[in-house]
Each structure stands twice: as C-alpha cells, then as structure tokens.
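Below is run-v2.tsv, which holds TSV, C-alpha atoms and all ligand atoms.
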```tsv
chain	number	residue	atom	x	y	z
O	19	MET	CA	-3.36	2.24	-21.13
O	20	LYS	CA	-6.48	0.17	-21.64
O	21	GLU	CA	-4.86	-2.61	-23.71
O	22	ALA	CA	-1.98	-2.93	-21.27
O	23	LEU	CA	-4.32	-3.15	-18.27
O	24	LEU	CA	-6.68	-5.65	-19.89
O	25	ALA	CA	-3.79	-7.87	-21.02
O	26	GLY	CA	-2.24	-7.74	-17.55
O	27	LEU	CA	-5.51	-8.57	-15.79
O	28	GLN	CA	-5.95	-11.57	-18.04
O	29	ARG	CA	-2.36	-12.71	-17.42
O	30	LEU	CA	-2.82	-12.45	-13.65
O	31	GLU	CA	-6.26	-14.07	-13.87
O	32	ILE	CA	-7.98	-11.12	-12.20
O	33	ASP	CA	-11.56	-10.90	-13.37
O	34	LEU	CA	-13.26	-7.51	-12.96
O	35	PRO	CA	-16.57	-6.12	-14.22
O	36	GLN	CA	-16.00	-3.77	-17.17
O	37	GLU	CA	-17.27	-0.66	-15.35
O	38	ARG	CA	-14.69	-1.12	-12.56
O	39	THR	CA	-11.89	-1.54	-15.09
O	40	GLU	CA	-13.07	1.66	-16.78
O	41	THR	CA	-13.04	3.56	-13.46
O	42	ILE	CA	-9.53	2.28	-12.68
O	43	LEU	CA	-8.42	3.56	-16.10
O	44	ARG	CA	-10.02	6.95	-15.43
O	45	PHE	CA	-8.07	7.14	-12.19
O	46	GLY	CA	-4.83	6.22	-14.03
O	47	ALA	CA	-5.50	8.95	-16.60
O	48	ALA	CA	-6.21	11.49	-13.83
O	49	VAL	CA	-2.85	10.69	-12.19
O	50	LEU	CA	-0.96	11.18	-15.46
O	51	GLU	CA	-2.81	14.41	-16.22
O	52	LYS	CA	-2.17	15.91	-12.77
O	53	ASN	CA	1.44	14.73	-12.97
O	54	GLN	CA	2.06	17.47	-15.53
O	55	VAL	CA	1.60	20.11	-12.84
O	56	MET	CA	2.21	18.22	-9.58
O	57	ASN	CA	4.98	15.73	-8.87
O	58	LEU	CA	3.06	12.44	-8.47
O	59	THR	CA	5.02	9.78	-10.37
O	60	ALA	CA	8.16	9.28	-12.47
O	61	ILE	CA	6.14	7.13	-14.88
O	62	THR	CA	4.62	9.12	-17.73
O	63	ASP	CA	3.99	6.44	-20.38
O	64	PRO	CA	0.35	5.27	-20.20
O	65	ALA	CA	1.10	1.58	-20.90
O	66	GLN	CA	3.82	1.57	-18.23
O	67	ALA	CA	1.51	3.31	-15.77
O	68	ALA	CA	-1.10	0.61	-16.42
O	69	GLU	CA	1.42	-2.13	-15.52
O	70	LEU	CA	3.52	-0.53	-12.82
O	71	HIS	CA	0.81	1.39	-10.99
O	72	LEU	CA	-2.63	-0.04	-11.76
O	73	LEU	CA	-1.87	-3.73	-12.27
O	74	ASP	CA	0.80	-3.84	-9.58
O	75	SER	CA	-1.73	-2.44	-7.07
O	76	LEU	CA	-4.36	-4.98	-8.14
O	77	THR	CA	-2.06	-7.96	-7.47
O	78	LEU	CA	-3.12	-7.71	-3.81
O	79	LEU	CA	-6.53	-9.07	-4.88
O	80	ARG	CA	-4.70	-12.34	-5.56
O	81	VAL	CA	-3.01	-12.38	-2.17
O	82	LEU	CA	-5.88	-12.03	0.34
O	83	PRO	CA	-9.68	-11.85	0.14
O	84	LEU	CA	-10.37	-8.13	0.69
O	85	ALA	CA	-14.17	-7.94	0.54
O	86	GLY	CA	-15.56	-6.04	3.53
O	87	LYS	CA	-12.08	-5.58	5.08
O	88	SER	CA	-10.67	-2.34	6.50
O	89	LEU	CA	-7.42	-1.50	4.70
O	90	LEU	CA	-4.88	1.22	5.47
O	91	ASP	CA	-2.48	2.24	2.70
O	92	VAL	CA	0.63	3.72	4.35
O	93	GLY	CA	2.51	6.24	2.15
O	94	THR	CA	-0.09	6.05	-0.59
O	95	GLY	CA	1.42	8.90	-2.66
O	96	ALA	CA	-0.80	9.25	-5.72
O	97	GLY	CA	-3.09	6.50	-4.37
O	98	PHE	CA	-1.21	3.23	-4.90
O	99	PRO	CA	-2.07	0.53	-4.09
O	100	GLY	CA	-5.22	1.68	-2.21
O	101	VAL	CA	-7.30	3.44	-4.86
O	102	PRO	CA	-7.27	0.76	-7.62
O	103	LEU	CA	-8.06	-1.83	-4.92
O	104	LYS	CA	-11.06	0.14	-3.64
O	105	ILE	CA	-12.42	0.53	-7.18
O	106	ALA	CA	-11.95	-3.19	-7.86
O	107	GLU	CA	-13.47	-4.20	-4.50
O	108	PRO	CA	-16.00	-1.50	-3.49
O	109	THR	CA	-16.84	-3.15	-0.14
O	110	LEU	CA	-13.27	-2.47	1.01
O	111	ARG	CA	-13.17	0.19	3.77
O	112	LEU	CA	-10.18	2.21	2.61
O	113	THR	CA	-8.01	4.66	4.56
O	114	LEU	CA	-5.23	6.51	2.74
O	115	LEU	CA	-2.28	7.91	4.69
O	116	ASP	CA	0.56	10.09	3.46
O	117	SER	CA	2.76	12.80	4.93
O	118	LEU	CA	2.54	14.95	1.78
O	119	GLN	CA	-0.50	17.19	2.30
O	120	LYS	CA	-0.65	18.28	-1.35
O	121	ARG	CA	-1.06	14.72	-2.62
O	122	MET	CA	-3.68	13.91	0.00
O	123	ARG	CA	-5.64	17.08	-0.76
O	124	TRP	CA	-5.59	16.28	-4.48
O	125	LEU	CA	-6.89	12.76	-3.84
O	126	GLU	CA	-9.58	13.92	-1.41
O	127	THR	CA	-10.89	16.99	-3.21
O	128	GLU	CA	-10.12	16.48	-6.92
O	129	ALA	CA	-9.29	12.95	-7.96
O	130	LEU	CA	-11.64	10.64	-6.06
O	131	PRO	CA	-15.00	12.50	-5.85
O	132	PRO	CA	-15.73	12.43	-9.61
O	133	LEU	CA	-15.01	8.69	-9.62
O	134	GLY	CA	-17.36	8.06	-6.69
O	135	VAL	CA	-14.51	6.50	-4.70
O	136	GLU	CA	-14.97	6.84	-0.94
O	137	ALA	CA	-12.06	6.75	1.48
O	138	ARG	CA	-10.80	8.22	4.75
O	139	PHE	CA	-7.76	10.46	4.57
O	140	LEU	CA	-4.97	10.78	7.12
O	141	ALA	CA	-2.51	13.51	6.16
O	142	GLY	CA	0.64	13.22	8.26
O	143	ARG	CA	3.37	10.81	9.23
O	144	ALA	CA	2.52	7.18	9.93
O	145	GLU	CA	4.51	7.15	13.16
O	146	ASP	CA	2.41	10.09	14.46
O	147	PHE	CA	-0.94	8.40	13.67
O	148	ALA	CA	0.01	5.02	15.11
O	149	ARG	CA	-1.21	5.75	18.66
O	150	ALA	CA	-4.66	7.04	17.70
O	151	HIS	CA	-5.23	4.24	15.17
O	152	ARG	CA	-3.42	1.42	16.96
O	153	GLU	CA	-4.50	-2.13	16.04
O	154	LYS	CA	-7.57	-0.79	14.16
O	155	PHE	CA	-7.13	-2.33	10.69
O	156	ASP	CA	-7.70	-5.77	9.17
O	157	VAL	CA	-5.03	-5.15	6.54
O	158	VAL	CA	-2.23	-2.60	6.11
O	159	ALA	CA	-0.56	-2.35	2.71
O	160	SER	CA	2.43	-0.29	1.63
O	161	ARG	CA	4.49	0.12	-1.53
O	162	ALA	CA	7.77	1.99	-2.15
O	163	VAL	CA	7.92	3.74	1.22
O	164	ALA	CA	10.87	2.34	3.21
O	165	ARG	CA	13.10	-0.69	3.76
O	166	LEU	CA	11.14	-3.60	5.21
O	167	ASP	CA	12.61	-3.43	8.75
O	168	LEU	CA	11.64	0.26	9.06
O	169	LEU	CA	8.36	-0.29	7.24
O	170	CYS	CA	7.34	-2.98	9.73
O	171	GLU	CA	7.78	-0.49	12.57
O	172	LEU	CA	5.63	2.04	10.66
O	173	CYS	CA	2.90	-0.41	9.64
O	174	LEU	CA	2.53	-3.32	12.09
O	175	PRO	CA	1.25	-1.14	14.98
O	176	PHE	CA	-1.89	-0.37	12.89
O	177	VAL	CA	-2.81	-4.04	12.31
O	178	HIS	CA	-5.08	-5.79	14.81
O	179	ARG	CA	-4.29	-9.28	16.02
O	180	GLY	CA	-5.25	-11.78	13.35
O	181	GLY	CA	-4.84	-9.16	10.58
O	182	TYR	CA	-2.20	-8.84	7.88
O	183	PHE	CA	0.52	-6.49	6.73
O	184	LEU	CA	1.23	-6.69	2.99
O	185	ALA	CA	4.59	-5.21	1.95
O	186	MET	CA	4.98	-4.72	-1.81
O	187	LYS	CA	8.61	-5.15	-2.76
O	188	GLY	CA	10.85	-5.45	-5.82
O	189	ALA	CA	14.11	-7.23	-6.53
O	190	LEU	CA	15.48	-6.87	-2.98
O	191	ALA	CA	12.54	-8.60	-1.29
O	192	LYS	CA	14.51	-11.60	0.00
O	193	GLU	CA	17.39	-9.55	1.42
O	194	GLU	CA	14.98	-7.12	3.08
O	195	LEU	CA	13.00	-9.99	4.57
O	196	HIS	CA	16.13	-11.55	6.00
O	197	GLU	CA	17.18	-8.21	7.50
O	198	ALA	CA	13.68	-7.62	8.96
O	199	ALA	CA	13.25	-11.02	10.66
O	200	GLY	CA	13.97	-9.63	14.15
O	201	ALA	CA	11.76	-6.56	13.68
O	202	ILE	CA	8.80	-8.67	12.50
O	203	ARG	CA	9.00	-10.88	15.60
O	204	LEU	CA	9.51	-8.01	18.03
O	205	LEU	CA	6.53	-6.07	16.63
O	206	GLY	CA	4.10	-8.99	17.00
O	207	GLY	CA	4.24	-10.24	13.43
O	208	SER	CA	4.89	-13.61	11.89
O	209	TYR	CA	6.15	-14.05	8.33
O	210	GLU	CA	3.60	-16.17	6.47
O	211	ARG	CA	4.62	-16.29	2.81
O	212	SER	CA	5.69	-14.25	-0.23
O	213	GLU	CA	3.71	-14.12	-3.47
O	214	GLU	CA	5.53	-13.26	-6.68
O	215	PHE	CA	4.06	-11.57	-9.76
O	216	GLU	CA	5.61	-10.64	-13.08
O	217	ILE	CA	4.99	-6.92	-13.57
O	218	GLY	CA	6.57	-4.87	-16.36
O	219	GLY	CA	9.05	-7.68	-17.08
O	220	ALA	CA	10.32	-7.87	-13.49
O	221	VAL	CA	9.41	-9.96	-10.47
O	222	HIS	CA	7.46	-8.10	-7.78
O	223	SER	CA	6.91	-9.68	-4.38
O	224	VAL	CA	4.18	-9.24	-1.85
O	225	ILE	CA	5.48	-10.18	1.59
O	226	VAL	CA	2.60	-11.42	3.75
O	227	ILE	CA	3.05	-10.85	7.48
O	228	HIS	CA	0.40	-12.12	9.89
O	229	LYS	CA	-0.15	-10.15	13.09
O	230	THR	CA	-0.12	-12.86	15.71
O	231	GLY	CA	0.81	-10.86	18.84
O	232	ARG	CA	0.68	-7.31	20.19
O	233	THR	CA	3.06	-4.53	19.20
O	234	PRO	CA	4.82	-3.31	22.38
O	235	GLU	CA	3.70	0.23	23.34
O	236	GLN	CA	7.09	1.83	22.69
O	237	TYR	CA	6.78	1.27	18.92
O	238	PRO	CA	6.82	3.03	16.56
O	239	ARG	CA	9.68	5.24	17.67
O	240	SER	CA	10.52	8.55	15.96
O	241	TRP	CA	11.65	8.26	12.32
O	242	ALA	CA	15.12	9.53	13.28
O	243	ARG	CA	15.43	6.83	15.95
O	244	MET	CA	14.17	4.10	13.62
O	245	LYS	CA	16.74	4.99	11.00
O	246	GLN	CA	19.53	5.37	13.50
O	247	LYS	CA	18.83	2.08	15.27
O	248	PRO	CA	16.71	-0.30	13.14
O	249	LEU	CA	15.16	-3.16	15.11
O	250	ARG	CA	17.13	-6.42	14.91
O	301	LIG	N1	2.85	4.09	-2.39
O	301	LIG	C1	2.93	4.99	-3.53
O	301	LIG	C2	3.35	4.24	-4.76
O	301	LIG	O1	3.79	3.10	-4.65
O	301	LIG	O2	3.25	4.80	-5.87
O	301	LIG	C3	3.88	6.18	-3.24
O	301	LIG	C4	5.32	5.82	-3.10
O	301	LIG	S1	6.33	7.24	-2.84
O	301	LIG	C5	7.87	6.70	-3.43
O	301	LIG	C6	6.53	7.22	-1.07
O	301	LIG	C7	5.41	7.96	-0.32
O	301	LIG	O3	5.49	7.65	1.05
O	301	LIG	C8	5.51	9.47	-0.44
O	301	LIG	O4	4.28	10.00	-0.91
O	301	LIG	C9	5.85	9.95	0.97
O	301	LIG	O5	5.24	11.18	1.27
O	301	LIG	C10	5.26	8.82	1.81
O	301	LIG	N2	5.91	8.61	3.12
O	301	LIG	C11	7.21	8.30	3.35
O	301	LIG	N3	7.42	8.13	4.68
O	301	LIG	C12	6.23	8.32	5.30
O	301	LIG	C13	5.80	8.29	6.66
O	301	LIG	N4	6.64	8.03	7.65
O	301	LIG	N5	4.49	8.52	6.92
O	301	LIG	C14	3.64	8.81	5.92
O	301	LIG	N6	3.99	8.86	4.61
O	301	LIG	C15	5.26	8.62	4.31
```

Kindly return the structure encoded in the file as structure tokens.
Ligand code: SAM
Amino acid sequence: MKEALLAGLQRLEIDLPQERTETILRFGAAVLEKNQVMNLTAITDPAQAAELHLLDSLTLLRVLPLAGKSLLDVGTGAGFPGVPLKIAEPTLRLTLLDSLQKRMRWLETEALPPLGVEARFLAGRAEDFARAHREKFDVVASRAVARLDLLCELCLPFVHRGGYFLAMKGALAKEELHEAAGAIRLLGGSYERSEEFEIGGAVHSVIVIHKTGRTPEQYPRSWARMKQKPLR
C-alpha cells in the first residue's frame, strides 16, 4: 500500500509530510481490516486501495485550496474522500454524512479516534439534513453516490454562495455533466471546470461547480421524487 501511495503522490505532485502519509496509510489499513467483517468496499488489494481510495480522495488537494475550509462529504461510506483529505490538511473542518448508521458509527467510535482525526458526523439521508445545514459549507464533495443531476440536488443546497461543489466522477463525467446542465443552473450553481487525473489506469474527473446563486427553498425534494422527475 505504501509504495503505491508514495508513487501516486509523486506522480500527482502532491507533497505531504511523512507523518501525514503514514496516518493516511493507517486509515487505509483500518478500512481493509474492518472490511473483513463489515461491508465497506469492494476493493481488497492494498495497492489498489491506495490508488482508488486514498490517492483518488487526495486529488481534491489539487483542485481547490482547502486550508481552513469547512467541507461536507456527502455519502462518505468508509470515509472517502473526506478522511484522507482531513489527514492531509488538518485545518480542514470536516463533516461526514452517510445514511448507513453502521459505517458512521465505525468511523466515529473506532476508526478515527486512534488516528486523532476530528470530524462531525451526520448519520442520515442528505435530503433530510439539507434544511438544518442549508448553505453552511465552503465546499461539498461527493464520490460514487448518484448520477450528477440527482447529486446536485442532494449537495448544492449545503453550499453557501461563493462556495464550491466538487463531484468526483469516472468515465461518464461528460455525459452526466451534459445531462445535469439544467439542474446546476436551477439549483444556483455554475459549472466552472473539470480537472482530470489518471488513477488506477483510468481517467477520473472532478467536476467543479461554483455556487453563484441561492438554491430555491423547494429543493432538495424527496429521493423518490428526484428519481422520478430529475431536474432538467
Ligand atoms: N463516497 C464513498 C466512496 O467513494 O468510497 C462511498 C460510496 S458508496 C458507493 C455510496 C454511499 O452513499 C453509501 O455509503 C450510501 O449509504 C451513501 N448514500 C447514498 N445515498 C445517500 C443519501 N441520499 N444520503 C446520504 N448517504 C447516501
């Protein structure tokens, strides 16, 4: 895991102090160990986990300056991308959100305390938290949670005006962006740019959406409604 992470960091020109890299590796090892008894990830090979989980999460360091920012990770699962980012940039004010209570409890009570990683935890569905935490975050990030049009409705309400939503996407990034153009506009966003990174031999994209307006009060709708009638 270590060789793969160090090689990847060098390739992406991400420079981290050794102790932070070591802590990120300890977190990666904890995920793989817990994965034997709790369903956290389909990736079990340590070198692949280093690329596809740890390094992929850290690409966001190349996209925006995150020092001192508040960041919400929507659908964090086993902690990606939020936890590696917080270890790499300790001044980040991290909030992790996921609807699966078991994963959140593991992160909060078992995984993060021994690593000294501090975060806030929101266990529940993003669409249910959006009113209480509306327009509260500098940055919202999300990976592997939903198609971009639906994801924008889940994530953009949390971003304050002037902040950013970072959607981590794979091969279908361009199609999803095209399909989500109406939703982005309607929800107060403005597509800024996409950044591409080579991760595990494939191109991964980070779609950067700037929050330039307000999200109308009626969004997000229920998940059933979003899926039934995606914004266009
Ligand atoms: N982001 C992590 C990653 O990239 O490894 C986890 C991805 S996993 C495929 C999707 C996660 O999103 C699951 O843990 C699921 O519980 C969560 N999720 C899906 N829809 C959600 C919603 N509406 N609100 C909160 N969490 C959600």

Write out, as a Markdown table, each residue of chain O that has an atom at most 9 Å from ligand LIG 301 (chain O), together with the closest pair of atoms and their distance in Å to one decimal, counting all atoms listed in the file, rows going by chain and rising number.
```
| residue | atom | partner | partner_atom | distance |
| --- | --- | --- | --- | --- |
| O:Leu58 | CA | O:LIG301 | O4 | 8.0 |
| O:Thr59 | CA | O:LIG301 | O2 | 6.9 |
| O:Leu70 | CA | O:LIG301 | O2 | 8.8 |
| O:His71 | CA | O:LIG301 | O2 | 6.6 |
| O:Ser75 | CA | O:LIG301 | O1 | 8.2 |
| O:Asp91 | CA | O:LIG301 | N1 | 7.6 |
| O:Val92 | CA | O:LIG301 | C14 | 6.1 |
| O:Gly93 | CA | O:LIG301 | O3 | 3.5 |
| O:Thr94 | CA | O:LIG301 | N1 | 4.0 |
| O:Gly95 | CA | O:LIG301 | O4 | 3.5 |
| O:Ala96 | CA | O:LIG301 | O2 | 6.0 |
| O:Gly97 | CA | O:LIG301 | C1 | 6.3 |
| O:Phe98 | CA | O:LIG301 | C2 | 4.7 |
| O:Pro99 | CA | O:LIG301 | N1 | 6.3 |
| O:Gly100 | CA | O:LIG301 | N1 | 8.4 |
| O:Leu115 | CA | O:LIG301 | C14 | 6.1 |
| O:Asp116 | CA | O:LIG301 | N6 | 3.8 |
| O:Ser117 | CA | O:LIG301 | N6 | 4.1 |
| O:Leu118 | CA | O:LIG301 | O5 | 4.7 |
| O:Gln119 | CA | O:LIG301 | O5 | 8.4 |
| O:Arg121 | CA | O:LIG301 | O4 | 7.3 |
| O:Met122 | CA | O:LIG301 | O4 | 8.9 |
| O:Leu140 | CA | O:LIG301 | C14 | 8.9 |
| O:Ala141 | CA | O:LIG301 | C14 | 7.7 |
| O:Gly142 | CA | O:LIG301 | C14 | 5.8 |
| O:Arg143 | CA | O:LIG301 | N5 | 3.4 |
| O:Ala144 | CA | O:LIG301 | N5 | 3.8 |
| O:Glu145 | CA | O:LIG301 | N4 | 6.0 |
| O:Asp146 | CA | O:LIG301 | N5 | 8.0 |
| O:Phe147 | CA | O:LIG301 | N5 | 8.7 |
| O:Ala159 | CA | O:LIG301 | N1 | 8.9 |
| O:Ser160 | CA | O:LIG301 | N1 | 6.0 |
| O:Arg161 | CA | O:LIG301 | O1 | 4.4 |
| O:Ala162 | CA | O:LIG301 | C4 | 4.6 |
| O:Val163 | CA | O:LIG301 | C6 | 4.4 |
| O:Ala164 | CA | O:LIG301 | N3 | 6.9 |
| O:Leu169 | CA | O:LIG301 | N4 | 8.5 |
| O:Leu172 | CA | O:LIG301 | N4 | 6.8 |
| O:Met186 | CA | O:LIG301 | O1 | 8.4 |
| O:Trp241 | CA | O:LIG301 | N4 | 6.9 |
```

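Within 8 Å of the file-frame point (0.9, 1.9, -19.3), and using all atoms listed in the file, the polymer residues found are Met19, Lys20, Ala22, Leu23, Asp63, Pro64, Ala65, Gln66, Ala67, Ala68, Glu69 and Leu70 of chain O.
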
Around all listed atoms of range 85-102 of chain O, padded 6 Å per side, what centre and edge lengths does the axis-aligned box have in Å to one decimal, as lines of an AutoDock Vina configuration file?
```
center_x = -6.5
center_y = 0.7
center_z = -0.6
size_x = 30.1
size_y = 29.2
size_z = 26.1
```

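A straight line drawn from CA of Ile217 in chain O to CA of Leu43 in chain O is 17.2 Å long.
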
(message) With distances taken over only C-alpha atoms, which residue among O:Glu107, O:Glu214, O:Glu153, O:Asp167 lies nearest Ala85 in chain O?
(response) O:Glu107

(message) Using all atoms listed in the file - which residues lie no farther than 8 Å from the point (2.3, -7.7, 21.8) in the file's frame? Write them as number ranges by chain.
(response) O: 205-206, 231-234

Just write the chosen residues, C-alpha atoms, as an mmCIF file, keeping the file's coordinate frame.
```cif
data_model
loop_
_atom_site.group_PDB
_atom_site.id
_atom_site.type_symbol
_atom_site.label_atom_id
_atom_site.label_comp_id
_atom_site.auth_asym_id
_atom_site.auth_seq_id
_atom_site.Cartn_x
_atom_site.Cartn_y
_atom_site.Cartn_z
ATOM 1 C CA LEU O 205 6.530 -6.070 16.630
ATOM 2 C CA GLY O 206 4.100 -8.990 17.000
ATOM 3 C CA GLY O 231 0.810 -10.860 18.840
ATOM 4 C CA ARG O 232 0.680 -7.310 20.190
ATOM 5 C CA THR O 233 3.060 -4.530 19.200
ATOM 6 C CA PRO O 234 4.820 -3.310 22.380
#
```

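What separates CA of Thr127 in chain O from CA of Gly46 in chain O is a distance of 16.4 Å.
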
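Our summary of the geometry notes that CA of Lys245 in chain O is positioned 28.4 Å from CA of Arg138 in chain O.
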
(request) Counting all atoms listed in the file, figure out which residue out of O:Ile227, O:Ala60, O:Val101, O:Leu90 gets nearest to Arg179 in chain O. (result) O:Ile227

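For the set O:Glu21, O:Glu136, O:Glu128, O:Asp74, the residue with the smallest atom-to-atom gap to His222 in chain O is O:Asp74, counting all atoms listed in the file.
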
(message) So that I can check the surroundings of Leu34 in chain O, please list as a PyMOL selection string every protein, DNA and RNA residue that reaches within 12 Å of it, counting only C-alpha atoms and ignoring chain neighbours fewer than 3 positions away.
(response) chain O and resi 23-24+26-28+30-31+37-42+76+79+102-103+105-108

(request) Could you tell me which of O:Leu78, O:Cys173, O:His151, O:Leu130 comes closest to Arg44 in chain O if we count all atoms listed in the file? (result) O:Leu130

(request) Go through O:Leu125, O:Glu194, O:Ala25, O:Leu84 one by one, measure the shortest atom-to-atom distance of each to Val49 in chain O using only C-alpha atoms, and give the residue with the smallest value. (result) O:Leu125

(message) At a cut-off of 8 Å, using all atoms listed in the file, what residues contact Ala137 in chain O? Leave out same-chain residues fewer than 4 positions from it and give the result as a VMD selection string.
(response) chain O and resid 111 to 114

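Across O:Leu110, O:Ala191, O:Ala185, O:Leu249, the tightest approach to Pro83 in chain O is made by O:Leu110 when counting only C-alpha atoms.
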